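Everything below belongs to work_1.cif, which stores mmCIF, N, CA and C atoms.
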data_target
#
loop_
_atom_site.label_atom_id
_atom_site.label_comp_id
_atom_site.auth_asym_id
_atom_site.auth_seq_id
_atom_site.Cartn_x
_atom_site.Cartn_y
_atom_site.Cartn_z
N MET A 1 119.10 116.21 101.52
CA MET A 1 118.60 116.89 100.38
C MET A 1 119.74 117.69 99.78
N LEU A 2 119.95 117.52 98.50
CA LEU A 2 120.97 118.27 97.77
C LEU A 2 120.29 119.27 96.85
N ARG A 3 120.89 120.43 96.73
CA ARG A 3 120.40 121.41 95.77
C ARG A 3 121.54 121.72 94.83
N PHE A 4 121.33 121.44 93.56
CA PHE A 4 122.34 121.70 92.54
C PHE A 4 122.07 123.06 91.93
N VAL A 5 123.13 123.81 91.70
CA VAL A 5 122.97 125.12 91.09
C VAL A 5 123.15 125.07 89.58
N ALA A 6 123.56 123.92 89.08
CA ALA A 6 123.72 123.73 87.65
C ALA A 6 123.25 122.32 87.31
N PRO A 7 122.89 122.08 86.06
CA PRO A 7 122.46 120.74 85.68
C PRO A 7 123.50 119.69 86.07
N ALA A 8 123.01 118.58 86.61
CA ALA A 8 123.90 117.52 87.10
C ALA A 8 124.15 116.46 86.04
N GLY A 9 123.56 116.60 84.86
CA GLY A 9 123.75 115.63 83.80
C GLY A 9 122.84 114.42 83.92
N THR A 10 121.92 114.47 84.84
CA THR A 10 120.96 113.38 85.01
C THR A 10 119.64 113.95 85.48
N SER A 11 118.58 113.22 85.29
CA SER A 11 117.26 113.70 85.69
C SER A 11 117.06 113.54 87.19
N ALA A 12 116.36 114.48 87.76
CA ALA A 12 116.00 114.38 89.17
C ALA A 12 114.81 113.43 89.31
N VAL A 13 114.72 112.76 90.43
CA VAL A 13 113.59 111.89 90.72
C VAL A 13 112.49 112.76 91.31
N ALA A 14 111.27 112.57 90.86
CA ALA A 14 110.15 113.37 91.36
C ALA A 14 109.87 113.05 92.83
N VAL A 15 109.48 114.07 93.57
CA VAL A 15 109.11 113.94 94.98
C VAL A 15 107.62 114.23 95.11
N ALA A 16 106.91 113.38 95.85
CA ALA A 16 105.47 113.57 96.03
C ALA A 16 105.19 114.88 96.75
N THR A 17 104.28 115.65 96.20
CA THR A 17 103.80 116.86 96.85
C THR A 17 102.29 116.76 96.92
N GLY A 18 101.70 117.43 97.87
CA GLY A 18 100.25 117.33 98.03
C GLY A 18 99.85 115.92 98.42
N ASN A 19 98.77 115.43 97.88
CA ASN A 19 98.30 114.08 98.18
C ASN A 19 99.18 113.06 97.45
N ASP A 20 99.85 112.20 98.20
CA ASP A 20 100.76 111.22 97.58
C ASP A 20 100.01 110.02 97.02
N GLY A 21 98.72 109.88 97.33
CA GLY A 21 97.91 108.81 96.77
C GLY A 21 98.15 107.44 97.37
N LEU A 22 98.97 107.34 98.41
CA LEU A 22 99.23 106.03 99.01
C LEU A 22 97.95 105.45 99.61
N SER A 23 97.80 104.15 99.47
CA SER A 23 96.66 103.45 100.07
C SER A 23 97.15 102.11 100.61
N LEU A 24 96.39 101.56 101.54
CA LEU A 24 96.74 100.26 102.10
C LEU A 24 96.82 99.22 101.00
N GLY A 25 97.85 98.41 101.04
CA GLY A 25 98.04 97.37 100.05
C GLY A 25 98.85 97.79 98.85
N GLU A 26 98.96 99.10 98.61
CA GLU A 26 99.76 99.58 97.48
C GLU A 26 101.22 99.23 97.74
N THR A 27 101.93 98.83 96.71
CA THR A 27 103.33 98.48 96.91
C THR A 27 104.23 99.70 96.77
N VAL A 28 105.33 99.65 97.52
CA VAL A 28 106.39 100.64 97.42
C VAL A 28 107.69 99.88 97.18
N GLN A 29 108.63 100.56 96.56
CA GLN A 29 109.92 99.93 96.28
C GLN A 29 111.00 100.67 97.06
N TYR A 30 111.78 99.92 97.82
CA TYR A 30 112.93 100.47 98.53
C TYR A 30 114.17 100.23 97.67
N VAL A 31 115.04 101.23 97.63
CA VAL A 31 116.29 101.12 96.88
C VAL A 31 117.41 101.53 97.81
N GLY A 32 118.47 100.71 97.90
CA GLY A 32 119.56 101.09 98.77
C GLY A 32 120.75 100.16 98.69
N PHE A 33 121.74 100.49 99.49
CA PHE A 33 123.00 99.75 99.55
C PHE A 33 123.14 99.05 100.90
N GLY A 34 122.04 98.77 101.56
CA GLY A 34 122.07 98.17 102.89
C GLY A 34 122.39 96.70 102.88
N GLU A 35 122.40 96.16 104.09
CA GLU A 35 122.66 94.74 104.28
C GLU A 35 121.59 93.91 103.57
N THR A 36 121.97 92.74 103.13
CA THR A 36 121.00 91.83 102.51
C THR A 36 120.45 90.82 103.50
N SER A 37 121.03 90.79 104.69
CA SER A 37 120.53 90.01 105.83
C SER A 37 121.17 90.61 107.07
N PRO A 38 120.58 90.40 108.25
CA PRO A 38 121.15 91.00 109.46
C PRO A 38 122.63 90.65 109.63
N ASN A 39 123.42 91.64 109.97
CA ASN A 39 124.85 91.50 110.24
C ASN A 39 125.67 91.01 109.05
N SER A 40 125.16 91.17 107.84
CA SER A 40 125.94 90.75 106.66
C SER A 40 126.94 91.82 106.24
N GLY A 41 126.82 93.00 106.80
CA GLY A 41 127.73 94.08 106.45
C GLY A 41 127.22 94.85 105.24
N LEU A 42 127.70 96.07 105.10
CA LEU A 42 127.30 96.90 103.97
C LEU A 42 127.91 96.37 102.69
N ASN A 43 127.29 96.72 101.60
CA ASN A 43 127.78 96.22 100.32
C ASN A 43 127.94 97.35 99.32
N THR A 44 128.47 97.06 98.18
CA THR A 44 128.66 98.06 97.13
C THR A 44 127.66 97.91 96.01
N ASN A 45 126.75 96.96 96.14
CA ASN A 45 125.71 96.76 95.14
C ASN A 45 124.42 97.43 95.58
N ARG A 46 123.73 98.02 94.63
CA ARG A 46 122.43 98.63 94.93
C ARG A 46 121.37 97.56 94.74
N TYR A 47 120.52 97.42 95.75
CA TYR A 47 119.43 96.45 95.70
C TYR A 47 118.10 97.16 95.77
N LYS A 48 117.04 96.45 95.39
CA LYS A 48 115.70 96.98 95.51
C LYS A 48 114.78 95.85 95.93
N VAL A 49 113.71 96.23 96.62
CA VAL A 49 112.71 95.27 97.05
C VAL A 49 111.35 95.97 97.00
N THR A 50 110.33 95.24 96.60
CA THR A 50 108.97 95.79 96.53
C THR A 50 108.12 95.11 97.58
N VAL A 51 107.45 95.92 98.41
CA VAL A 51 106.66 95.41 99.52
C VAL A 51 105.33 96.17 99.62
N PRO A 52 104.30 95.55 100.23
CA PRO A 52 103.00 96.22 100.35
C PRO A 52 102.95 97.18 101.54
N THR A 53 102.18 98.24 101.39
CA THR A 53 101.93 99.18 102.47
C THR A 53 100.87 98.58 103.38
N THR A 54 101.17 98.50 104.69
CA THR A 54 100.25 97.84 105.62
C THR A 54 99.69 98.77 106.69
N SER A 55 100.22 99.98 106.81
CA SER A 55 99.74 100.93 107.80
C SER A 55 100.03 102.34 107.30
N LEU A 56 99.08 103.26 107.49
CA LEU A 56 99.24 104.65 107.03
C LEU A 56 98.81 105.63 108.11
N THR A 57 99.60 106.68 108.32
CA THR A 57 99.17 107.84 109.09
C THR A 57 99.48 109.06 108.23
N ILE A 58 99.16 110.23 108.70
CA ILE A 58 99.41 111.43 107.91
C ILE A 58 100.90 111.68 107.72
N SER A 59 101.74 111.20 108.64
CA SER A 59 103.17 111.49 108.55
C SER A 59 104.06 110.29 108.25
N GLU A 60 103.52 109.07 108.32
CA GLU A 60 104.35 107.90 108.05
C GLU A 60 103.54 106.75 107.49
N PHE A 61 104.24 105.77 106.95
CA PHE A 61 103.61 104.53 106.52
C PHE A 61 104.53 103.38 106.81
N GLN A 62 103.93 102.21 106.91
CA GLN A 62 104.69 101.01 107.25
C GLN A 62 104.43 99.94 106.20
N SER A 63 105.46 99.16 105.95
CA SER A 63 105.32 97.99 105.10
C SER A 63 105.71 96.78 105.93
N THR A 64 105.06 95.68 105.65
CA THR A 64 105.31 94.46 106.39
C THR A 64 105.50 93.32 105.41
N SER A 65 106.58 92.57 105.60
CA SER A 65 106.85 91.41 104.77
C SER A 65 107.58 90.38 105.62
N ALA A 66 107.21 89.15 105.50
CA ALA A 66 107.84 88.10 106.29
C ALA A 66 109.21 87.71 105.76
N SER A 67 109.56 88.16 104.57
CA SER A 67 110.82 87.69 104.01
C SER A 67 111.75 88.78 103.48
N ARG A 68 111.23 89.95 103.09
CA ARG A 68 112.08 90.97 102.47
C ARG A 68 111.69 92.35 102.96
N ASN A 69 112.67 93.14 103.33
CA ASN A 69 112.45 94.51 103.79
C ASN A 69 113.71 95.32 103.57
N ALA A 70 113.62 96.60 103.89
CA ALA A 70 114.82 97.42 103.97
C ALA A 70 115.62 96.92 105.17
N CYS A 71 116.92 97.22 105.19
CA CYS A 71 117.76 96.73 106.29
C CYS A 71 118.79 97.80 106.66
N ASN A 72 119.67 97.49 107.58
CA ASN A 72 120.71 98.43 108.01
C ASN A 72 121.49 98.93 106.80
N GLY A 73 121.68 100.23 106.75
CA GLY A 73 122.36 100.85 105.61
C GLY A 73 121.40 101.45 104.60
N ASP A 74 120.11 101.09 104.70
CA ASP A 74 119.10 101.65 103.79
C ASP A 74 118.41 102.88 104.37
N ILE A 75 118.60 103.15 105.67
CA ILE A 75 117.93 104.24 106.35
C ILE A 75 118.22 105.56 105.62
N GLY A 76 117.17 106.34 105.39
CA GLY A 76 117.30 107.61 104.68
C GLY A 76 117.13 107.48 103.19
N GLY A 77 117.09 106.24 102.71
CA GLY A 77 116.90 106.00 101.28
C GLY A 77 115.45 106.18 100.87
N PRO A 78 115.19 106.12 99.57
CA PRO A 78 113.85 106.39 99.06
C PRO A 78 112.90 105.20 99.12
N ALA A 79 111.63 105.53 99.27
CA ALA A 79 110.54 104.59 99.06
C ALA A 79 109.77 105.15 97.86
N LEU A 80 109.71 104.40 96.77
CA LEU A 80 109.12 104.86 95.52
C LEU A 80 107.78 104.20 95.28
N ASN A 81 106.83 104.95 94.72
CA ASN A 81 105.57 104.33 94.33
C ASN A 81 105.74 103.67 92.95
N ALA A 82 104.67 103.09 92.43
CA ALA A 82 104.74 102.36 91.16
C ALA A 82 105.15 103.25 89.99
N SER A 83 104.97 104.57 90.13
CA SER A 83 105.36 105.51 89.06
C SER A 83 106.78 106.01 89.22
N GLY A 84 107.48 105.56 90.26
CA GLY A 84 108.86 106.00 90.48
C GLY A 84 108.98 107.31 91.22
N VAL A 85 107.89 107.78 91.83
CA VAL A 85 107.90 109.02 92.59
C VAL A 85 108.27 108.71 94.04
N VAL A 86 109.16 109.52 94.63
CA VAL A 86 109.54 109.33 96.03
C VAL A 86 108.36 109.71 96.91
N VAL A 87 107.80 108.72 97.63
CA VAL A 87 106.68 108.98 98.53
C VAL A 87 107.10 108.89 99.99
N GLY A 88 108.31 108.40 100.24
CA GLY A 88 108.78 108.29 101.61
C GLY A 88 110.28 108.12 101.69
N THR A 89 110.78 108.27 102.92
CA THR A 89 112.18 107.96 103.20
C THR A 89 112.19 106.92 104.31
N ILE A 90 113.06 105.95 104.18
CA ILE A 90 113.13 104.86 105.14
C ILE A 90 113.60 105.41 106.48
N ALA A 91 112.83 105.15 107.54
CA ALA A 91 113.16 105.67 108.87
C ALA A 91 113.77 104.59 109.77
N TYR A 92 113.10 103.45 109.90
CA TYR A 92 113.62 102.38 110.74
C TYR A 92 112.83 101.11 110.49
N GLY A 93 113.31 100.01 111.04
CA GLY A 93 112.63 98.72 110.93
C GLY A 93 113.00 97.83 112.09
N ASP A 94 112.55 96.60 112.04
CA ASP A 94 112.87 95.68 113.13
C ASP A 94 114.34 95.26 113.05
N LEU A 95 114.88 94.80 114.15
CA LEU A 95 116.31 94.48 114.23
C LEU A 95 116.76 93.40 113.26
N ASN A 96 115.89 92.46 112.93
CA ASN A 96 116.27 91.37 112.04
C ASN A 96 115.97 91.66 110.57
N CYS A 97 115.45 92.84 110.27
CA CYS A 97 115.14 93.23 108.90
C CYS A 97 114.18 92.24 108.24
N SER A 98 113.33 91.62 109.03
CA SER A 98 112.49 90.56 108.47
C SER A 98 111.00 90.75 108.68
N ASN A 99 110.58 91.80 109.38
CA ASN A 99 109.15 91.95 109.65
C ASN A 99 108.54 93.23 109.10
N TYR A 100 109.15 94.38 109.37
CA TYR A 100 108.53 95.64 108.96
C TYR A 100 109.56 96.74 108.72
N THR A 101 109.13 97.76 107.99
CA THR A 101 109.91 98.97 107.77
C THR A 101 108.96 100.15 107.93
N VAL A 102 109.38 101.18 108.65
CA VAL A 102 108.59 102.39 108.83
C VAL A 102 109.25 103.52 108.05
N ASN A 103 108.44 104.31 107.37
CA ASN A 103 108.91 105.38 106.48
C ASN A 103 108.25 106.71 106.81
N MET A 104 109.00 107.80 106.65
CA MET A 104 108.41 109.13 106.74
C MET A 104 107.77 109.46 105.40
N ARG A 105 106.52 109.90 105.40
CA ARG A 105 105.86 110.31 104.16
C ARG A 105 106.40 111.68 103.75
N VAL A 106 106.95 111.79 102.57
CA VAL A 106 107.49 113.09 102.15
C VAL A 106 106.37 114.10 101.92
N SER A 107 105.16 113.64 101.61
CA SER A 107 104.06 114.59 101.40
C SER A 107 103.76 115.39 102.67
N SER A 108 104.07 114.83 103.84
CA SER A 108 103.84 115.57 105.09
C SER A 108 104.85 116.70 105.25
N GLU A 109 105.95 116.65 104.52
CA GLU A 109 106.98 117.67 104.62
C GLU A 109 107.08 118.56 103.39
N THR A 110 106.30 118.25 102.34
CA THR A 110 106.30 119.11 101.16
C THR A 110 105.16 120.12 101.20
N ALA A 111 104.27 119.99 102.18
CA ALA A 111 103.19 120.97 102.34
C ALA A 111 103.80 122.29 102.84
N ALA A 112 103.06 123.36 102.72
CA ALA A 112 103.54 124.67 103.16
C ALA A 112 104.04 124.60 104.60
N GLY A 113 105.24 125.11 104.82
CA GLY A 113 105.84 125.11 106.15
C GLY A 113 106.62 123.85 106.47
N GLY A 114 106.53 122.84 105.63
CA GLY A 114 107.26 121.59 105.87
C GLY A 114 108.74 121.75 105.56
N PHE A 115 109.55 120.88 106.13
CA PHE A 115 111.00 120.94 105.96
C PHE A 115 111.40 120.90 104.49
N ILE A 116 110.85 119.96 103.72
CA ILE A 116 111.23 119.82 102.31
C ILE A 116 110.73 120.99 101.49
N SER A 117 109.53 121.51 101.81
CA SER A 117 108.96 122.61 101.01
C SER A 117 109.86 123.84 101.04
N THR A 118 110.57 124.05 102.12
CA THR A 118 111.50 125.18 102.23
C THR A 118 112.54 125.12 101.13
N TYR A 119 113.05 123.92 100.86
CA TYR A 119 114.09 123.75 99.85
C TYR A 119 113.52 123.71 98.44
N LEU A 120 112.33 123.14 98.28
CA LEU A 120 111.71 123.12 96.96
C LEU A 120 111.40 124.52 96.47
N SER A 121 110.87 125.36 97.36
CA SER A 121 110.51 126.72 96.97
C SER A 121 111.73 127.62 96.78
N ALA A 122 112.87 127.27 97.36
CA ALA A 122 114.07 128.10 97.25
C ALA A 122 114.94 127.71 96.05
N ALA A 123 114.58 126.66 95.34
CA ALA A 123 115.39 126.21 94.21
C ALA A 123 115.29 127.20 93.05
N PRO A 124 116.42 127.56 92.46
CA PRO A 124 116.40 128.45 91.31
C PRO A 124 115.67 127.76 90.14
N ASP A 125 115.08 128.52 89.27
CA ASP A 125 114.40 127.94 88.11
C ASP A 125 115.34 127.01 87.35
N GLY A 126 114.84 125.82 87.06
CA GLY A 126 115.60 124.85 86.29
C GLY A 126 116.60 124.03 87.08
N ALA A 127 116.77 124.35 88.37
CA ALA A 127 117.73 123.59 89.17
C ALA A 127 117.07 122.36 89.76
N ALA A 128 117.80 121.29 89.82
CA ALA A 128 117.30 120.05 90.44
C ALA A 128 117.48 120.15 91.94
N VAL A 129 116.54 119.58 92.66
CA VAL A 129 116.63 119.55 94.13
C VAL A 129 116.77 118.12 94.56
#

If you took the structure in this file and wrote it as structure tokens, what would it be?
Amino acid sequence: MLRFVAPAGTSAVAVATGNDGLSLGETVQYVGFGETSPNSGLNTNRYKVTVPTTSLTISEFQSTSASRNACNGDIGGPALNASGVVVGTIAYGDLNCSNYTVNMRVSSETAAGGFISTYLSAAPDGAAV
């Protein structure tokens, strides 16, 4: 998490707070610079993939796809809902990057006392977080 004290010249991406509205079957989009297949090495191109949500708990969600997922190098990157709001961060997936990806739900950390809420509430007026 970065906190800018002055405008960065670009818009901040919204982060889900409160109820993130995720439901089973809803698609999320992963964006990152990770491998495009196991052991292909990191790259300098940004890729994205859209996959369905297949499992939900209060603190995480999982997506499952037989052909496309987040991969090594994408960990910590965003999971965006259809509106472009960050609803999760990529936590881990299967070794072959071909079955599932597990994500931390940011809404579980934007509630009062959560890790992210500490930084959101400390941001100066008008500053991007």

Separating CA of Gly34 in chain A from CA of Ile58 in chain A, to the nearest tenth of an Å, is a gap of 26.7 Å

For this structure, which residues satisfy the selection - the PyMOL selection byres ((chain A and resi 92) around 8) - when it is evaluated on the file as given? I want them as a PyMOL selection string. chain A and resi 70-71+74-76+89-91+93-95+100-104

Write out as an mmCIF file with N, CA and C atoms, keeping the file's coordinate frame the residues lying within 8 Å of Val86 in chain A, counting all atoms listed in the file and excluding same-chain residues fewer than 4 positions away.
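As written to disk, result.cif reads:
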data_model
loop_
_atom_site.group_PDB
_atom_site.id
_atom_site.type_symbol
_atom_site.label_atom_id
_atom_site.label_comp_id
_atom_site.auth_asym_id
_atom_site.auth_seq_id
_atom_site.Cartn_x
_atom_site.Cartn_y
_atom_site.Cartn_z
ATOM 1 N N VAL A 13 114.720 112.760 90.430
ATOM 2 C CA VAL A 13 113.590 111.890 90.720
ATOM 3 C C VAL A 13 112.490 112.760 91.310
ATOM 4 N N ALA A 14 111.270 112.570 90.860
ATOM 5 C CA ALA A 14 110.150 113.370 91.360
ATOM 6 C C ALA A 14 109.870 113.050 92.830
ATOM 7 N N VAL A 15 109.480 114.070 93.570
ATOM 8 C CA VAL A 15 109.110 113.940 94.980
ATOM 9 C C VAL A 15 107.620 114.230 95.110
ATOM 10 N N ALA A 16 106.910 113.380 95.850
ATOM 11 C CA ALA A 16 105.470 113.570 96.030
ATOM 12 C C ALA A 16 105.190 114.880 96.750
ATOM 13 N N THR A 17 104.280 115.650 96.200
ATOM 14 C CA THR A 17 103.800 116.860 96.850
ATOM 15 C C THR A 17 102.290 116.760 96.920
ATOM 16 N N ASP A 20 99.850 112.200 98.200
ATOM 17 C CA ASP A 20 100.760 111.220 97.580
ATOM 18 C C ASP A 20 100.010 110.020 97.020
ATOM 19 N N PRO A 78 115.190 106.120 99.570
ATOM 20 C CA PRO A 78 113.850 106.390 99.060
ATOM 21 C C PRO A 78 112.900 105.200 99.120
ATOM 22 N N ALA A 79 111.630 105.530 99.270
ATOM 23 C CA ALA A 79 110.540 104.590 99.060
ATOM 24 C C ALA A 79 109.770 105.150 97.860
ATOM 25 N N LEU A 80 109.710 104.400 96.770
ATOM 26 C CA LEU A 80 109.120 104.860 95.520
ATOM 27 C C LEU A 80 107.780 104.200 95.280
ATOM 28 N N ASN A 81 106.830 104.950 94.720
ATOM 29 C CA ASN A 81 105.570 104.330 94.330
ATOM 30 C C ASN A 81 105.740 103.670 92.950
ATOM 31 N N ARG A 105 106.520 109.900 105.400
ATOM 32 C CA ARG A 105 105.860 110.310 104.160
ATOM 33 C C ARG A 105 106.400 111.680 103.750
ATOM 34 N N VAL A 106 106.950 111.790 102.570
ATOM 35 C CA VAL A 106 107.490 113.090 102.150
ATOM 36 C C VAL A 106 106.370 114.100 101.920
ATOM 37 N N SER A 107 105.160 113.640 101.610
ATOM 38 C CA SER A 107 104.060 114.590 101.400
ATOM 39 C C SER A 107 103.760 115.390 102.670
#

*Shell around Ser98 in chain A at 6 Å using only N, CA and C atoms, local window under 3 positions removed, as JSON, numbers by chain*: {"A": [65, 66, 67, 68, 69, 94, 95]}

Taking only N, CA and C atoms into account, name the residue in A:Thr118, A:Asn72, A:Asn96, A:Ser83 that is nearest to Glu35 in chain A.
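Closest residue, counting only N, CA and C atoms: A:Asn72.
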
In Å and to one decimal, CA of Ser37 in chain A is distant from atom C of Val51 in chain A by 17.5 Å

Based on DSSP run over this structure's backbone, return all residues of range 12-127 of chain A in strand (DSSP E or B), as a VMD selection string.
-> chain A and resid 15 27 to 32 47 to 56 60 to 64 78 to 80 86 to 93 100 to 105

Taking the file as shown, what set of residues would the PyMOL selection byres ((chain A and resi 27) around 6.5) give back, as a list in words?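 After applying the PyMOL selection byres ((chain A and resi 27) around 6.5), what remains is Gly25, Glu26, Val28, Gln29, Thr50, Val51, Pro52, Thr53, Leu80, Asn81 and Ala82 of chain A.
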
Discussion item. Using Å and a single decimal, report how far atom C of Thr54 in chain A sits from atom C of Phe33 in chain A.
Written reply: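 So the two atoms, atom C of Phe33 in chain A and atom C of Thr54 in chain A, lie 24.2 Å apart.
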